[in-house]
Structures are given as structure tokens and as C-alpha cells.
file work-v1.csv (CSV, N, CA and C atoms)
chain,number,residue,atom,x,y,z
A,1,MET,N,0.8,-1.2,0.0
A,1,MET,CA,0.0,0.0,0.0
A,1,MET,C,0.9,1.2,0.0
A,2,PRO,N,0.6,2.3,-0.8
A,2,PRO,CA,1.4,3.5,-0.9
A,2,PRO,C,1.3,4.3,0.4
A,3,SER,N,2.4,4.9,0.7
A,3,SER,CA,2.5,5.8,1.9
A,3,SER,C,1.7,7.1,1.7
A,4,THR,N,1.0,7.5,2.7
A,4,THR,CA,0.2,8.8,2.7
A,4,THR,C,1.0,9.9,3.3
A,5,HIS,N,2.2,9.6,3.8
A,5,HIS,CA,3.0,10.6,4.4
A,5,HIS,C,3.8,11.4,3.3
A,6,PRO,N,4.0,12.7,3.5
A,6,PRO,CA,4.8,13.5,2.6
A,6,PRO,C,6.3,13.0,2.7
A,7,PRO,N,7.0,13.2,1.6
A,7,PRO,CA,8.4,12.7,1.6
A,7,PRO,C,9.2,13.6,2.6
A,8,PRO,N,10.3,13.0,3.2
A,8,PRO,CA,11.1,13.8,4.1
A,8,PRO,C,11.6,15.0,3.4
A,9,SER,N,12.0,16.1,4.2
A,9,SER,CA,12.4,17.3,3.6
A,9,SER,C,13.6,17.2,2.7
A,10,SER,N,14.5,16.2,3.0
A,10,SER,CA,15.7,16.0,2.2
A,10,SER,C,15.3,15.5,0.8
A,11,VAL,N,14.1,15.1,0.6
A,11,VAL,CA,13.7,14.6,-0.8
A,11,VAL,C,13.0,15.7,-1.5
A,12,ARG,N,12.3,16.5,-0.8
A,12,ARG,CA,11.5,17.6,-1.5
A,12,ARG,C,12.4,18.6,-2.1
A,13,PRO,N,12.0,19.2,-3.3
A,13,PRO,CA,12.8,20.2,-3.9
A,13,PRO,C,12.8,21.5,-3.0
A,14,PRO,N,13.9,22.2,-3.1
A,14,PRO,CA,14.0,23.4,-2.2
A,14,PRO,C,12.9,24.5,-2.7
A,15,ALA,N,12.6,25.4,-1.7
A,15,ALA,CA,11.6,26.4,-2.0
A,15,ALA,C,12.1,27.5,-2.9
A,16,ARG,N,13.5,27.7,-2.8
A,16,ARG,CA,14.1,28.8,-3.6
A,16,ARG,C,15.2,28.3,-4.4
A,17,PRO,N,15.5,29.0,-5.5
A,17,PRO,CA,16.7,28.6,-6.4
A,17,PRO,C,18.0,28.9,-5.6
A,18,ALA,N,19.0,28.2,-6.0
A,18,ALA,CA,20.3,28.3,-5.3
A,18,ALA,C,20.8,29.8,-5.5
A,19,ALA,N,20.6,30.3,-6.7
A,19,ALA,CA,21.1,31.7,-7.0
A,19,ALA,C,20.5,32.7,-6.0
A,20,VAL,N,19.2,32.5,-5.7
A,20,VAL,CA,18.5,33.5,-4.8
A,20,VAL,C,19.1,33.3,-3.4
A,21,VAL,N,19.3,32.1,-2.9
A,21,VAL,CA,19.9,31.8,-1.6
A,21,VAL,C,21.3,32.3,-1.5
A,22,ASN,N,22.1,32.1,-2.6
A,22,ASN,CA,23.5,32.6,-2.6
A,22,ASN,C,23.5,34.1,-2.5
A,23,GLU,N,22.6,34.8,-3.1
A,23,GLU,CA,22.6,36.3,-3.0
A,23,GLU,C,22.3,36.7,-1.6
A,24,GLU,N,21.4,36.0,-0.9
A,24,GLU,CA,21.1,36.3,0.4
A,24,GLU,C,22.3,36.0,1.3
A,25,ILE,N,23.0,35.0,1.1
A,25,ILE,CA,24.3,34.7,1.8
A,25,ILE,C,25.3,35.8,1.6
A,26,ARG,N,25.5,36.2,0.4
A,26,ARG,CA,26.4,37.3,0.1
A,26,ARG,C,26.0,38.6,0.8
A,27,ASP,N,24.7,38.9,0.8
A,27,ASP,CA,24.2,40.1,1.5
A,27,ASP,C,24.5,40.0,3.0
A,28,LEU,N,24.2,38.8,3.6
A,28,LEU,CA,24.4,38.6,5.0
A,28,LEU,C,25.9,38.8,5.4
A,29,VAL,N,26.8,38.2,4.6
A,29,VAL,CA,28.2,38.4,4.9
A,29,VAL,C,28.6,39.8,4.8
A,30,ALA,N,28.1,40.5,3.8
A,30,ALA,CA,28.5,41.9,3.6
A,30,ALA,C,28.0,42.8,4.7
A,31,ARG,N,26.8,42.6,5.2
A,31,ARG,CA,26.2,43.3,6.3
A,31,ARG,C,27.0,43.1,7.6
A,32,ALA,N,27.5,41.8,7.7
A,32,ALA,CA,28.3,41.5,8.9
A,32,ALA,C,29.7,41.9,8.8
A,33,GLY,N,30.1,42.5,7.7
A,33,GLY,CA,31.5,42.9,7.6
A,33,GLY,C,32.5,41.8,7.4
A,34,GLY,N,31.9,40.6,6.9
A,34,GLY,CA,32.8,39.5,6.7
A,34,GLY,C,33.0,38.6,7.9
A,35,TRP,N,32.5,39.0,9.0
A,35,TRP,CA,32.7,38.2,10.2
A,35,TRP,C,31.3,37.6,10.7
A,36,LEU,N,31.2,36.3,10.9
A,36,LEU,CA,30.0,35.7,11.3
A,36,LEU,C,30.1,35.1,12.7
A,37,TYR,N,29.4,35.8,13.6
A,37,TYR,CA,29.3,35.4,15.0
A,37,TYR,C,27.9,35.3,15.4
A,38,GLY,N,27.6,34.4,16.4
A,38,GLY,CA,26.3,34.3,17.1
A,38,GLY,C,25.2,34.1,16.1
A,39,GLU,N,24.2,35.0,16.2
A,39,GLU,CA,23.0,34.9,15.4
A,39,GLU,C,23.3,35.0,13.9
A,40,THR,N,24.2,35.8,13.6
A,40,THR,CA,24.6,36.0,12.2
A,40,THR,C,25.2,34.6,11.6
A,41,ARG,N,26.0,34.0,12.5
A,41,ARG,CA,26.5,32.7,12.1
A,41,ARG,C,25.4,31.7,11.9
A,42,GLN,N,24.4,31.7,12.8
A,42,GLN,CA,23.3,30.8,12.7
A,42,GLN,C,22.5,31.0,11.5
A,43,GLN,N,22.3,32.2,11.1
A,43,GLN,CA,21.6,32.6,9.9
A,43,GLN,C,22.3,32.1,8.7
A,44,TYR,N,23.6,32.3,8.7
A,44,TYR,CA,24.5,31.8,7.6
A,44,TYR,C,24.4,30.3,7.5
A,45,GLU,N,24.4,29.5,8.6
A,45,GLU,CA,24.4,28.1,8.5
A,45,GLU,C,23.1,27.6,8.0
A,46,VAL,N,22.0,28.2,8.3
A,46,VAL,CA,20.7,27.8,7.8
A,46,VAL,C,20.7,28.1,6.3
A,47,LEU,N,21.1,29.3,5.8
A,47,LEU,CA,21.2,29.6,4.4
A,47,LEU,C,22.1,28.7,3.7
A,48,ARG,N,23.3,28.3,4.3
A,48,ARG,CA,24.2,27.4,3.6
A,48,ARG,C,23.6,26.1,3.4
A,49,ASP,N,22.9,25.6,4.4
A,49,ASP,CA,22.2,24.3,4.2
A,49,ASP,C,21.1,24.3,3.1
A,50,GLU,N,20.4,25.4,3.1
A,50,GLU,CA,19.3,25.6,2.1
A,50,GLU,C,20.0,25.7,0.7
A,51,TRP,N,21.1,26.4,0.6
A,51,TRP,CA,21.8,26.5,-0.7
A,51,TRP,C,22.3,25.2,-1.2
A,52,THR,N,22.8,24.4,-0.3
A,52,THR,CA,23.4,23.0,-0.6
A,52,THR,C,22.3,22.2,-1.2
A,53,VAL,N,21.1,22.2,-0.6
A,53,VAL,CA,20.0,21.4,-1.1
A,53,VAL,C,19.5,21.9,-2.4
A,54,ALA,N,19.5,23.2,-2.6
A,54,ALA,CA,19.0,23.8,-3.8
A,54,ALA,C,20.0,23.5,-5.0
A,55,VAL,N,21.3,23.6,-4.7
A,55,VAL,CA,22.3,23.2,-5.8
A,55,VAL,C,22.1,21.8,-6.2
A,56,ALA,N,22.0,20.9,-5.2
A,56,ALA,CA,21.8,19.4,-5.5
A,56,ALA,C,20.5,19.2,-6.3
A,57,ALA,N,19.4,19.9,-6.0
A,57,ALA,CA,18.2,19.7,-6.7
A,57,ALA,C,18.3,20.2,-8.1
A,58,GLU,N,19.0,21.4,-8.3
A,58,GLU,CA,19.2,21.9,-9.7
A,58,GLU,C,20.1,21.0,-10.5
A,59,ARG,N,21.1,20.4,-9.9
A,59,ARG,CA,22.0,19.5,-10.5
A,59,ARG,C,21.3,18.3,-11.0
A,60,ASP,N,20.4,17.8,-10.1
A,60,ASP,CA,19.7,16.5,-10.4
A,60,ASP,C,18.5,16.7,-11.2
A,61,GLY,N,18.2,18.0,-11.6
A,61,GLY,CA,17.0,18.2,-12.5
A,61,GLY,C,15.7,18.2,-11.7
A,62,LEU,N,15.7,18.3,-10.4
A,62,LEU,CA,14.5,18.4,-9.7
A,62,LEU,C,13.8,19.7,-9.8
A,63,VAL,N,14.5,20.8,-9.9
A,63,VAL,CA,14.0,22.1,-10.1
A,63,VAL,C,14.9,22.8,-11.1
A,64,GLU,N,14.3,23.9,-11.7
A,64,GLU,CA,15.1,24.7,-12.6
A,64,GLU,C,15.9,25.8,-11.9
A,65,ALA,N,17.0,26.1,-12.4
A,65,ALA,CA,17.9,27.2,-11.8
A,65,ALA,C,17.2,28.5,-12.1
A,66,ALA,N,17.5,29.5,-11.3
A,66,ALA,CA,16.9,30.8,-11.5
A,66,ALA,C,17.5,31.5,-12.7
call {"tool": "encode", "arguments": {"input": "work-v1.csv", "output": "C-alpha cells"}}
result
Amino acid sequence: MPSTHPPPSSVRPPARPAAVVNEEIRDLVARAGGWLYGETRQQYEVLRDEWTVAVAAERDGLVEAA
């Protein structure tokens, strides 16, 4: 019988293209003056993980690049 549960988040395509997430990472680092500490570092790590998933999805043809 097929599963009625949604796929794990690691299987779902990302919500945003890698280029969009990359631009947000660049903006964050620029606003932080190149130094990532505390909350800024946490924001970076979340964005980095999102970007990694987006790049993989684009590479594997799951979503189109921006």
C-alpha cells in the first residue's frame, strides 16, 4: 500500500533557487563585515544548508535554476 506521508524534507525540492539563496548569503556576509558570529553565524548556517539542497536539486534536475 502506498504511503500517505509526505516525503522527508531531504527529498522535497527546495523552495528557492540556489542563486537566490546565494545572493542572500552574500548580503548577510557583507552586512556582517565578513565576520559571522552568534545569530549571524546561525543565519548563515541555515542559508548554507538551504543553498546546498538547492544546488543538488538543480544539478539533479528536480528544479530549474533561477
call {"tool": "atom_distance", "arguments": {"input": "work-v1.csv", "atom1": "atom CA of A:Arg41", "atom2": "atom CA of A:Ile25"}}
result
10.7 Å
call {"tool": "residues_around", "arguments": {"input": "work-v1.csv", "residues": "A:Val21", "least_positions_apart": "5", "cutoff": "12 Å", "atoms": "only C-alpha atoms", "output": "mmCIF file with N, CA and C atoms, keeping the file's coordinate frame"}}
result
data_model
loop_
_atom_site.group_PDB
_atom_site.id
_atom_site.type_symbol
_atom_site.label_atom_id
_atom_site.label_comp_id
_atom_site.auth_asym_id
_atom_site.auth_seq_id
_atom_site.Cartn_x
_atom_site.Cartn_y
_atom_site.Cartn_z
ATOM 1 N N PRO A 14 13.900 22.200 -3.100
ATOM 2 C CA PRO A 14 14.000 23.400 -2.200
ATOM 3 C C PRO A 14 12.900 24.500 -2.700
ATOM 4 N N ALA A 15 12.600 25.400 -1.700
ATOM 5 C CA ALA A 15 11.600 26.400 -2.000
ATOM 6 C C ALA A 15 12.100 27.500 -2.900
ATOM 7 N N ARG A 16 13.500 27.700 -2.800
ATOM 8 C CA ARG A 16 14.100 28.800 -3.600
ATOM 9 C C ARG A 16 15.200 28.300 -4.400
ATOM 10 N N ARG A 26 25.500 36.200 0.400
ATOM 11 C CA ARG A 26 26.400 37.300 0.100
ATOM 12 C C ARG A 26 26.000 38.600 0.800
ATOM 13 N N ASP A 27 24.700 38.900 0.800
ATOM 14 C CA ASP A 27 24.200 40.100 1.500
ATOM 15 C C ASP A 27 24.500 40.000 3.000
ATOM 16 N N LEU A 28 24.200 38.800 3.600
ATOM 17 C CA LEU A 28 24.400 38.600 5.000
ATOM 18 C C LEU A 28 25.900 38.800 5.400
ATOM 19 N N GLN A 43 22.300 32.200 11.100
ATOM 20 C CA GLN A 43 21.600 32.600 9.900
ATOM 21 C C GLN A 43 22.300 32.100 8.700
ATOM 22 N N TYR A 44 23.600 32.300 8.700
ATOM 23 C CA TYR A 44 24.500 31.800 7.600
ATOM 24 C C TYR A 44 24.400 30.300 7.500
ATOM 25 N N GLU A 45 24.400 29.500 8.600
ATOM 26 C CA GLU A 45 24.400 28.100 8.500
ATOM 27 C C GLU A 45 23.100 27.600 8.000
ATOM 28 N N VAL A 46 22.000 28.200 8.300
ATOM 29 C CA VAL A 46 20.700 27.800 7.800
ATOM 30 C C VAL A 46 20.700 28.100 6.300
ATOM 31 N N LEU A 47 21.100 29.300 5.800
ATOM 32 C CA LEU A 47 21.200 29.600 4.400
ATOM 33 C C LEU A 47 22.100 28.700 3.700
ATOM 34 N N ARG A 48 23.300 28.300 4.300
ATOM 35 C CA ARG A 48 24.200 27.400 3.600
ATOM 36 C C ARG A 48 23.600 26.100 3.400
ATOM 37 N N ASP A 49 22.900 25.600 4.400
ATOM 38 C CA ASP A 49 22.200 24.300 4.200
ATOM 39 C C ASP A 49 21.100 24.300 3.100
ATOM 40 N N GLU A 50 20.400 25.400 3.100
ATOM 41 C CA GLU A 50 19.300 25.600 2.100
ATOM 42 C C GLU A 50 20.000 25.700 0.700
ATOM 43 N N TRP A 51 21.100 26.400 0.600
ATOM 44 C CA TRP A 51 21.800 26.500 -0.700
ATOM 45 C C TRP A 51 22.300 25.200 -1.200
ATOM 46 N N THR A 52 22.800 24.400 -0.300
ATOM 47 C CA THR A 52 23.400 23.000 -0.600
ATOM 48 C C THR A 52 22.300 22.200 -1.200
ATOM 49 N N VAL A 53 21.100 22.200 -0.600
ATOM 50 C CA VAL A 53 20.000 21.400 -1.100
ATOM 51 C C VAL A 53 19.500 21.900 -2.400
ATOM 52 N N ALA A 54 19.500 23.200 -2.600
ATOM 53 C CA ALA A 54 19.000 23.800 -3.800
ATOM 54 C C ALA A 54 20.000 23.500 -5.000
ATOM 55 N N VAL A 55 21.300 23.600 -4.700
ATOM 56 C CA VAL A 55 22.300 23.200 -5.800
ATOM 57 C C VAL A 55 22.100 21.800 -6.200
ATOM 58 N N ALA A 65 17.000 26.100 -12.400
ATOM 59 C CA ALA A 65 17.900 27.200 -11.800
ATOM 60 C C ALA A 65 17.200 28.500 -12.100
ATOM 61 N N ALA A 66 17.500 29.500 -11.300
ATOM 62 C CA ALA A 66 16.900 30.800 -11.500
ATOM 63 C C ALA A 66 17.500 31.500 -12.700
#
call {"tool": "atom_distance", "arguments": {"input": "work-v1.csv", "atom1": "atom CA of A:Asp60", "atom2": "atom N of A:Ala19"}}
result
14.3 Å
call {"tool": "atom_distance", "arguments": {"input": "work-v1.csv", "atom1": "atom CA of A:Pro17", "atom2": "atom N of A:Glu58"}}
result
7.8 Å
call {"tool": "select_by_dssp", "arguments": {"input": "work-v1.csv", "residues": "stretch 18-64 of chain A", "states": "alpha helix (DSSP H)", "output": "MDAnalysis selection string"}}
result
chainID A and resid 18:31 38:59
call {"tool": "decode", "arguments": {"input": "work-v1.csv", "residues": "stretch 46-65 of chain A", "atoms": "N, CA, C and O atoms", "output": "PDB file, in the first residue's frame"}}
result
ATOM      1  N   VAL A  46      21.989  28.209   8.309  1.00  0.00           N
ATOM      2  CA  VAL A  46      20.679  27.831   7.763  1.00  0.00           C
ATOM      3  C   VAL A  46      20.656  28.085   6.256  1.00  0.00           C
ATOM      4  O   VAL A  46      20.228  27.227   5.471  1.00  0.00           O
ATOM      5  N   LEU A  47      21.144  29.255   5.846  1.00  0.00           N
ATOM      6  CA  LEU A  47      21.185  29.581   4.422  1.00  0.00           C
ATOM      7  C   LEU A  47      22.124  28.651   3.666  1.00  0.00           C
ATOM      8  O   LEU A  47      21.813  28.219   2.552  1.00  0.00           O
ATOM      9  N   ARG A  48      23.266  28.341   4.260  1.00  0.00           N
ATOM     10  CA  ARG A  48      24.225  27.430   3.620  1.00  0.00           C
ATOM     11  C   ARG A  48      23.591  26.076   3.364  1.00  0.00           C
ATOM     12  O   ARG A  48      23.727  25.501   2.280  1.00  0.00           O
ATOM     13  N   ASP A  49      22.862  25.567   4.354  1.00  0.00           N
ATOM     14  CA  ASP A  49      22.205  24.272   4.196  1.00  0.00           C
ATOM     15  C   ASP A  49      21.124  24.334   3.114  1.00  0.00           C
ATOM     16  O   ASP A  49      20.986  23.415   2.303  1.00  0.00           O
ATOM     17  N   GLU A  50      20.366  25.421   3.098  1.00  0.00           N
ATOM     18  CA  GLU A  50      19.337  25.600   2.069  1.00  0.00           C
ATOM     19  C   GLU A  50      19.971  25.670   0.679  1.00  0.00           C
ATOM     20  O   GLU A  50      19.493  25.067  -0.274  1.00  0.00           O
ATOM     21  N   TRP A  51      21.089  26.397   0.587  1.00  0.00           N
ATOM     22  CA  TRP A  51      21.792  26.528  -0.691  1.00  0.00           C
ATOM     23  C   TRP A  51      22.303  25.169  -1.178  1.00  0.00           C
ATOM     24  O   TRP A  51      22.183  24.839  -2.358  1.00  0.00           O
ATOM     25  N   THR A  52      22.848  24.373  -0.261  1.00  0.00           N
ATOM     26  CA  THR A  52      23.369  23.050  -0.617  1.00  0.00           C
ATOM     27  C   THR A  52      22.267  22.174  -1.204  1.00  0.00           C
ATOM     28  O   THR A  52      22.464  21.499  -2.224  1.00  0.00           O
ATOM     29  N   VAL A  53      21.096  22.177  -0.584  1.00  0.00           N
ATOM     30  CA  VAL A  53      19.967  21.391  -1.080  1.00  0.00           C
ATOM     31  C   VAL A  53      19.515  21.919  -2.440  1.00  0.00           C
ATOM     32  O   VAL A  53      19.238  21.147  -3.361  1.00  0.00           O
ATOM     33  N   ALA A  54      19.472  23.238  -2.589  1.00  0.00           N
ATOM     34  CA  ALA A  54      19.038  23.838  -3.848  1.00  0.00           C
ATOM     35  C   ALA A  54      19.994  23.494  -4.987  1.00  0.00           C
ATOM     36  O   ALA A  54      19.559  23.167  -6.094  1.00  0.00           O
ATOM     37  N   VAL A  55      21.288  23.552  -4.726  1.00  0.00           N
ATOM     38  CA  VAL A  55      22.280  23.213  -5.755  1.00  0.00           C
ATOM     39  C   VAL A  55      22.122  21.763  -6.177  1.00  0.00           C
ATOM     40  O   VAL A  55      22.123  21.438  -7.369  1.00  0.00           O
ATOM     41  N   ALA A  56      21.965  20.873  -5.212  1.00  0.00           N
ATOM     42  CA  ALA A  56      21.802  19.449  -5.526  1.00  0.00           C
ATOM     43  C   ALA A  56      20.529  19.211  -6.333  1.00  0.00           C
ATOM     44  O   ALA A  56      20.534  18.437  -7.298  1.00  0.00           O
ATOM     45  N   ALA A  57      19.449  19.881  -5.970  1.00  0.00           N
ATOM     46  CA  ALA A  57      18.187  19.719  -6.689  1.00  0.00           C
ATOM     47  C   ALA A  57      18.309  20.225  -8.122  1.00  0.00           C
ATOM     48  O   ALA A  57      17.807  19.591  -9.059  1.00  0.00           O
ATOM     49  N   GLU A  58      18.979  21.351  -8.308  1.00  0.00           N
ATOM     50  CA  GLU A  58      19.174  21.880  -9.656  1.00  0.00           C
ATOM     51  C   GLU A  58      20.070  20.953 -10.472  1.00  0.00           C
ATOM     52  O   GLU A  58      19.804  20.690 -11.643  1.00  0.00           O
ATOM     53  N   ARG A  59      21.110  20.438  -9.854  1.00  0.00           N
ATOM     54  CA  ARG A  59      22.021  19.535 -10.535  1.00  0.00           C
ATOM     55  C   ARG A  59      21.312  18.259 -10.962  1.00  0.00           C
ATOM     56  O   ARG A  59      21.549  17.736 -12.051  1.00  0.00           O
ATOM     57  N   ASP A  60      20.422  17.761 -10.100  1.00  0.00           N
ATOM     58  CA  ASP A  60      19.730  16.515 -10.372  1.00  0.00           C
ATOM     59  C   ASP A  60      18.469  16.712 -11.222  1.00  0.00           C
ATOM     60  O   ASP A  60      17.745  15.756 -11.488  1.00  0.00           O
ATOM     61  N   GLY A  61      18.191  17.959 -11.603  1.00  0.00           N
ATOM     62  CA  GLY A  61      17.047  18.241 -12.456  1.00  0.00           C
ATOM     63  C   GLY A  61      15.716  18.239 -11.738  1.00  0.00           C
ATOM     64  O   GLY A  61      14.676  18.158 -12.384  1.00  0.00           O
ATOM     65  N   LEU A  62      15.721  18.335 -10.416  1.00  0.00           N
ATOM     66  CA  LEU A  62      14.469  18.361  -9.671  1.00  0.00           C
ATOM     67  C   LEU A  62      13.771  19.710  -9.777  1.00  0.00           C
ATOM     68  O   LEU A  62      12.554  19.781  -9.692  1.00  0.00           O
ATOM     69  N   VAL A  63      14.549  20.766  -9.931  1.00  0.00           N
ATOM     70  CA  VAL A  63      14.008  22.121 -10.103  1.00  0.00           C
ATOM     71  C   VAL A  63      14.867  22.840 -11.122  1.00  0.00           C
ATOM     72  O   VAL A  63      16.006  22.454 -11.387  1.00  0.00           O
ATOM     73  N   GLU A  64      14.317  23.909 -11.678  1.00  0.00           N
ATOM     74  CA  GLU A  64      15.086  24.709 -12.630  1.00  0.00           C
ATOM     75  C   GLU A  64      15.861  25.784 -11.886  1.00  0.00           C
ATOM     76  O   GLU A  64      15.387  26.342 -10.903  1.00  0.00           O
ATOM     77  N   ALA A  65      17.034  26.076 -12.366  1.00  0.00           N
ATOM     78  CA  ALA A  65      17.853  27.151 -11.793  1.00  0.00           C
ATOM     79  C   ALA A  65      17.194  28.482 -12.093  1.00  0.00           C
ATOM     80  O   ALA A  65      16.423  28.617 -13.043  1.00  0.00           O
TER      81      ALA A  65
END
